[in-house]
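Asker: Attaching a single structure in structure tokens format; questions to follow.
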Protein chains: 2
Amino acid sequence: MEQEYLDHLRHSTAHILAAAVLELYPGTKLGIGPVIDNGFYYDFQLPDNVSISDADFKTIEKIMRKIINGKHPFIKKMVSTEEARIFEKDQPFKLELIDEFSTDGQKLTLYESGPFTDLCRGGHADNTSEIPIDGLKLDRVAGAYWHGSEKNPMLTRIYCLLFENKQALKEYLQLREEAKMRDHRKIGQEQQLFFIDEMVGKGLVIWQPKGTIIRDEIEKFAIEKEHEYGYVRVVTPHLAKEELFLTSGHLPYYKDSMYPAMEMDDGTYYLKAMNCPMHHRIYGHNLHSYRELPLRLAEYGTVYRNELSGTLAGLLRVRGLSMNDAHIYCRKDQIKDEFKRVMQLTIEYFHVFKLKDYSFRLSLWSPEHLDKYVNEPENWEYAESVLRDVMTDMGVPFVEVKDEAAFYGPKVDVQFKSIIGREETMSTIQLDFLAKQRFGLSYTDKDGNQNNEVFVIHRAPLSTHERFLAFLIEHYAGAFPLWLSPVQVQFLPVSEKHLNYAKEIASTFDTAGIRVVVDEADETVGKKIRNAAKQKIPYIVVVGDKEIGGEDWTIRVRSQEDRLTISKDIFLARVQKEIAKRL
Amino acid sequence: MEQEYLDHLRHSTAHILAAAVLELYPGTKLGIGPVIDNGFYYDFQLPDNVSISDADFKTIEKIMRKIINGKHPFIKKMVSTEEARIFEKDQPFKLELIDEFSTDGQKLTLYESGPFTDLCRGGHADNTSEIPIDGLKLDRVAGAYWHGSEKNPMLTRIYCLLFENKQALKEYLQLREEAKMRDHRKIGQEQQLFFIDEMVGKGLVIWQPKGTIIRDEIEKFAIEKEHEYGYVRVVTPHLAKEELFLTSGHLPYYKDSMYPAMEMDDGTYYLKAMNCPMHHRIYGHNLHSYRELPLRLAEYGTVYRNELSGTLAGLLRVRGLSMNDAHIYCRKDQIKDEFKRVMQLTIEYFHVFKLKDYSFRLSLWSPEHLDKYVNEPENWEYAESVLRDVMTDMGVPFVEVKDEAAFYGPKVDVQFKSIIGREETMSTIQLDFLAKQRFGLSYTDKDGNQNNEVFVIHRAPLSTHERFLAFLIEHYAGAFPLWLSPVQVQFLPVSEKHLNYAKEIASTFDTAGIRVVVDEADETVGKKIRNAAKQKIPYIVVVGDKEIGGEDWTIRVRSQEDRLTISKDIFLARVQKEIAKRL
């Protein structure tokens, strides 16, 4: 079904909902009823002493079905402002709208469908019979101020889902249920991964022990890979003098996104919103020969950005971000190779996390908008062709978009589609022609001369811990791969007398580098199993007489029906091997 | 020799220096000549067109020796203010001093020694012959404003060393030379470990790749040990709302030591100067059963403190500190065991770093000063006896000091003596009776009741990265143990044709987890060896025809005369093993 036609159906059904509410509660005053992503809503001022809740949905839906089945055509009527005013005389909100819409002498439209006529710009089905009754479902009730202002009366907003048929509605409801189950805030709380504490502040994530384990594992993995790819690590402060950010150009341009200034006895300081200026200073502090390039400086640096408190939520809108950051300083003839290596690294990362649903987006400059870009046409042409060639050679899927590059160079974004269909930019690889000028970067060439053509690649393949973990939690629905799982094996002693043995073997596993927990709670085994399953523990081992007796263990494997029956030693070796392979 | 007598000798010699300068440069105006740690200085306003430099020291020392050998007694003369003024009529600075010192009718003292008489409070040898000529050495010249104010004239300050004999002077000079060689700022620059960048800001350390390796190794070691000792890790933000610090009590009391406030749209924020309040909030966020205690929360947290910019220097006076922090939350009956474990961990740490010259200092409360301490006499008595008993049982050396505890509980400081004799507090273990009240900490006891007696132990055995590394750099004089060395093996190819093989073996060593560098510079082998030795590389391997031929390698071992002749494989295994053992 065309989206436009579906929207017409949704809008038409809004009229039906209004008609039904009016029939049920005469005297109701009507607000507006616009189309939204999954259907529409309608705002009502109900008569005194009337309120609507989910319990009334059946009755309302029944009346709606009756009207729809009446097969009423939608009839458009052109009326003057005056006629419209007379028609809506009992509808104060509609009268307000008439005042807003009316311009000199212009006609307004009313739409009639059976028992109900309403002021409306239109976009309707021809007949109510077109409305797919089995794709319709009243969703929820909420309060909403008229015109969104708290100075106006509070109306009752009824949300209604409408899809083209029963199947589409069902799929949407399933997806929504799935999204709710996977919500990183919900799982983050259930699994004690992180929390936001009002006393510490909004948008500032506090990582609990279990969330810290996942962060640390990701960081360890990144450090290993970075070492393999020839990066070296640095550590820089979380704040710096104004001078640094004036040099980088973050000030004054980016000031609103930074935390407020701190006046010290030696000048004005700001929390850093980016790591790059500090890395540029490290490059600049040391002397570099052409032989030493590329220099790749990496830091999982924490930056702070000022966002409005009202916009902050979960891990996706935060004020503090720990970024998988690195800056590569290279000669012009090294750009191609370095970009390719970053692409390879990025793909290797995602492979290990078993992420497949992503693509690349190459943002180019536009020679028509020279004011938007640093004026180095040759470098733009060269760099863009290099990025294009590398991606073509590698056979990765990518699109090109003109006139969307950064001011300082072309970039490649990695676009992800989350399991519930949300598209987002996870990471970015940016070329930078400007840093060399601003920070006076140079190297000594073969002949001993200073060369100022130092190119910088900014890259953060694993995004920030906050964004990446929000994504991973929802992607895995909390069932992290073994190597990331905060608890890898949980031992459940059957009773008090099995506790010591459970602790003993737990200690053996711990020594072997496996993260274990012994559930010491005073609960039944059944309850302990359910708890462990709810926590999405990869391996659960019930410890009873049989296990103490040295017989083969029976292991519950996450999301597997069949249990594993296996000796303790083989199990331990298996888990160790799987962790080492990052499975 | 008694310190007081040595000080008298030093002060007496200051008179001799003044006499010598006056003899050499008649018309010189005298400032003051106080005793300092290693001798004394004297401030002079020299006649126009006269200046003194090191080159004049021989001449001055010669005159001083002559005066000393004159065996003049020091003769004290009591004079009235008026007489003193007449006597010092040509000495404007002395006249100022007379004005300052004179109170109604009080007599002043002059000291005469041979050709020279000066206004002076005294404290002298009986005779110049007592001055140990061979313990005397003019040290250096500096500029100093009269009375330390830039509004006054700039005088010439001559520093003079004076020790009881030639041997003591020699030892002092050696120690000072040693300290200069070991200065962490000097080595930090030479080895490219860290730097301070004026554009980033004072007191904010930037860790270069090599310094970061050392930091990371220490952190890895700490994390391993903490895991072994049952700690779990958390990550908390670098700033928080005012409310948090009001709750902890850091505000308003500690405000001057914190960075200035940042006003956000949802309240006032401060950079954290401590990690504890955040850890307390994590404890408070979760529910705890008595079974789960102790809970040990660890974080190498970076905190920021506002120090005057003029006081900042190297790694020892900084504004940003990464602390080996952890907080242990335990029941009262667990204090003893937990404190003991912290002591054991601390001792194990220092053992691995081969640090021996330290002792413990137990700071107790005083029941006489109840206003200085949280009012829980029973907990004070109990906790202090626990700390004392544990240290006594463990047989560690410790002293007790009364009335020096923290407000919230007794503490144990670890006092270190640096290799050049400087004593400092490296780390601290503090009991805290107050956090439970301020943060409402509690646990559920065996009977299901809430118990509010949660005791907190603050501990930071490895201090901060900044302080600990300043200490280690000077302790090792830059020759870090193998496991901490940024470069563990350096390969020096003899010529271009040996380069590829050197890179190949370097790659083998790298894969084996050994940090290697191939010196590709266009230098002679001799120069390369000297460079590597200067960088204090533990193992240096010259790669020539012999090595390519597969013969035994000849390895230069740091600070060892004899070379090691050994096969490649055995050498690799040996280095690996030494690293694993943290040697």
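Chains: A, B, ... in order of the structure tokens. Residues: from 1 per chain. Ligands: from 1, in order shown.
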May I have a table of the residues of chain B lying at most 8 Å from chain A, giving each one's closest pair of atoms and their distance in Å to one decimal, counting only C-alpha atoms, ordered by chain and ascending residue number, as a tab-separated table?
Answerer:
residue	atom	partner	partner_atom	distance
B:Met199	CA	A:Leu244	CA	5.5
B:Val200	CA	A:Ala240	CA	4.5
B:Gly201	CA	A:Lys241	CA	5.5
B:Leu204	CA	A:Pro237	CA	6.1
B:Val205	CA	A:Pro237	CA	6.8
B:Ile206	CA	A:Thr236	CA	4.9
B:Trp207	CA	A:Val235	CA	5.0
B:Gln208	CA	A:Val234	CA	5.4
B:Pro209	CA	A:Val234	CA	5.0
B:Gly211	CA	A:Val234	CA	7.9
B:Thr212	CA	A:Val234	CA	5.5
B:Ile213	CA	A:Arg233	CA	7.5
B:Val232	CA	A:Pro209	CA	5.8
B:Arg233	CA	A:Pro209	CA	5.2
B:Val234	CA	A:Pro209	CA	5.0
B:Val235	CA	A:Trp207	CA	5.0
B:Thr236	CA	A:Ile206	CA	4.9
B:Pro237	CA	A:Leu204	CA	6.1
B:Leu239	CA	A:Val200	CA	7.7
B:Ala240	CA	A:Val200	CA	4.5
B:Lys241	CA	A:Val200	CA	5.2
B:Glu243	CA	A:Met199	CA	6.0
B:Leu244	CA	A:Met199	CA	5.6
B:Tyr259	CA	A:Met262	CA	7.2
B:Pro260	CA	A:Met262	CA	5.6
B:Ala261	CA	A:Met262	CA	7.0
B:Met262	CA	A:Pro260	CA	5.6
B:Glu263	CA	A:Pro260	CA	6.8
B:Met264	CA	A:Pro260	CA	7.6
B:Asp265	CA	A:Ser309	CA	6.6
B:Asp266	CA	A:Ser309	CA	6.3
B:Met278	CA	A:Val200	CA	7.4
B:Ile282	CA	A:Gln208	CA	7.2
B:Leu297	CA	A:Pro209	CA	7.9
B:Leu308	CA	A:Asp265	CA	6.7
B:Ser309	CA	A:Asp266	CA	6.3
B:Gly320	CA	A:Pro237	CA	7.2
Asker: Neighbouring residues of Tyr476 in chain B were defined as those with any atom within 10 Å, considering only C-alpha atoms; residues of the same chain fewer than 6 positions away were excluded. Please report them as an NGL selection string.
Answerer: :B and (182 or 353-354 or 419)
Asker: Could you give me, as a PyMOL selection string, the residues within 7 Å of range 391-398 of chain A, counting only C-alpha atoms and dropping anything in the same chain fewer than 6 positions from it?
Answerer: chain A and resi 359-362
Asker: Nearest residue to Ala144 in chain A out of A:Asp43, A:Asp118, A:Asp56, A:Glu496, using only C-alpha atoms?
Answerer: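 Among the listed residues, A:Asp43 lies closest to Ala144 in chain A.
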Asker: Once DSSP has gone over the backbone, tell me which residues of range 126-347 of chain B are in alpha helix (DSSP H), as a count of residues only.
Answerer: 74
Asker: Which neighbours of Ala573 in chain A fall inside 12 Å, counting only C-alpha atoms, when residues of the same chain fewer than 3 positions from it are skipped, and could you give them as number ranges by chain?
Answerer: A: 508-509, 512-514, 566-570, 576-580
Asker: Export, as a JSON list (two decimals), in the first residue's frame, the selected residues with N, CA, C and O atoms.
Answerer:
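Result written to selection_30.json:
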[["chain", "number", "residue", "atom", "x", "y", "z"],
["A", 508, "THR", "N", 38.23, -22.65, 40.86],
["A", 508, "THR", "CA", 39.03, -23.25, 39.77],
["A", 508, "THR", "C", 38.74, -22.53, 38.45],
["A", 508, "THR", "O", 39.66, -22.20, 37.69],
["A", 509, "PHE", "N", 37.47, -22.30, 38.19],
["A", 509, "PHE", "CA", 37.09, -21.63, 36.94],
["A", 509, "PHE", "C", 37.61, -20.18, 36.94],
["A", 509, "PHE", "O", 38.10, -19.69, 35.91],
["A", 512, "ALA", "N", 41.06, -19.98, 36.04],
["A", 512, "ALA", "CA", 41.25, -20.24, 34.61],
["A", 512, "ALA", "C", 40.78, -19.05, 33.76],
["A", 512, "ALA", "O", 40.70, -19.16, 32.54],
["A", 513, "GLY", "N", 40.44, -17.94, 34.43],
["A", 513, "GLY", "CA", 40.07, -16.74, 33.68],
["A", 513, "GLY", "C", 38.62, -16.71, 33.24],
["A", 513, "GLY", "O", 38.27, -15.99, 32.31],
["A", 514, "ILE", "N", 37.77, -17.48, 33.91],
["A", 514, "ILE", "CA", 36.35, -17.51, 33.55],
["A", 514, "ILE", "C", 35.58, -16.76, 34.64],
["A", 514, "ILE", "O", 35.82, -16.94, 35.83],
["A", 566, "ILE", "N", 28.79, -33.52, 30.08],
["A", 566, "ILE", "CA", 30.20, -33.36, 29.74],
["A", 566, "ILE", "C", 31.00, -33.35, 31.04],
["A", 566, "ILE", "O", 30.48, -32.97, 32.09],
["A", 567, "SER", "N", 32.25, -33.78, 30.99],
["A", 567, "SER", "CA", 33.06, -33.78, 32.22],
["A", 567, "SER", "C", 33.46, -32.36, 32.57],
["A", 567, "SER", "O", 33.51, -31.48, 31.69],
["A", 568, "LYS", "N", 33.75, -32.15, 33.83],
["A", 568, "LYS", "CA", 34.12, -30.82, 34.32],
["A", 568, "LYS", "C", 35.30, -30.25, 33.52],
["A", 568, "LYS", "O", 35.27, -29.11, 33.09],
["A", 569, "ASP", "N", 36.33, -31.09, 33.34],
["A", 569, "ASP", "CA", 37.54, -30.58, 32.70],
["A", 569, "ASP", "C", 37.31, -30.19, 31.25],
["A", 569, "ASP", "O", 37.83, -29.18, 30.77],
["A", 570, "ILE", "N", 36.53, -31.02, 30.57],
["A", 570, "ILE", "CA", 36.26, -30.70, 29.15],
["A", 570, "ILE", "C", 35.42, -29.43, 29.06],
["A", 570, "ILE", "O", 35.64, -28.58, 28.19],
["A", 576, "GLN", "N", 36.91, -21.90, 28.21],
["A", 576, "GLN", "CA", 38.15, -21.13, 28.03],
["A", 576, "GLN", "C", 38.44, -20.84, 26.57],
["A", 576, "GLN", "O", 38.78, -19.73, 26.19],
["A", 577, "LYS", "N", 38.27, -21.87, 25.75],
["A", 577, "LYS", "CA", 38.56, -21.76, 24.32],
["A", 577, "LYS", "C", 37.58, -20.79, 23.66],
["A", 577, "LYS", "O", 37.97, -19.96, 22.84],
["A", 578, "GLU", "N", 36.33, -20.91, 24.04],
["A", 578, "GLU", "CA", 35.32, -20.02, 23.44],
["A", 578, "GLU", "C", 35.60, -18.55, 23.81],
["A", 578, "GLU", "O", 35.43, -17.65, 23.00],
["A", 579, "ILE", "N", 36.01, -18.34, 25.05],
["A", 579, "ILE", "CA", 36.32, -16.96, 25.48],
["A", 579, "ILE", "C", 37.52, -16.44, 24.70],
["A", 579, "ILE", "O", 37.50, -15.31, 24.19],
["A", 580, "ALA", "N", 38.54, -17.29, 24.57],
["A", 580, "ALA", "CA", 39.75, -16.87, 23.86],
["A", 580, "ALA", "C", 39.44, -16.50, 22.42],
["A", 580, "ALA", "O", 40.03, -15.58, 21.85]]
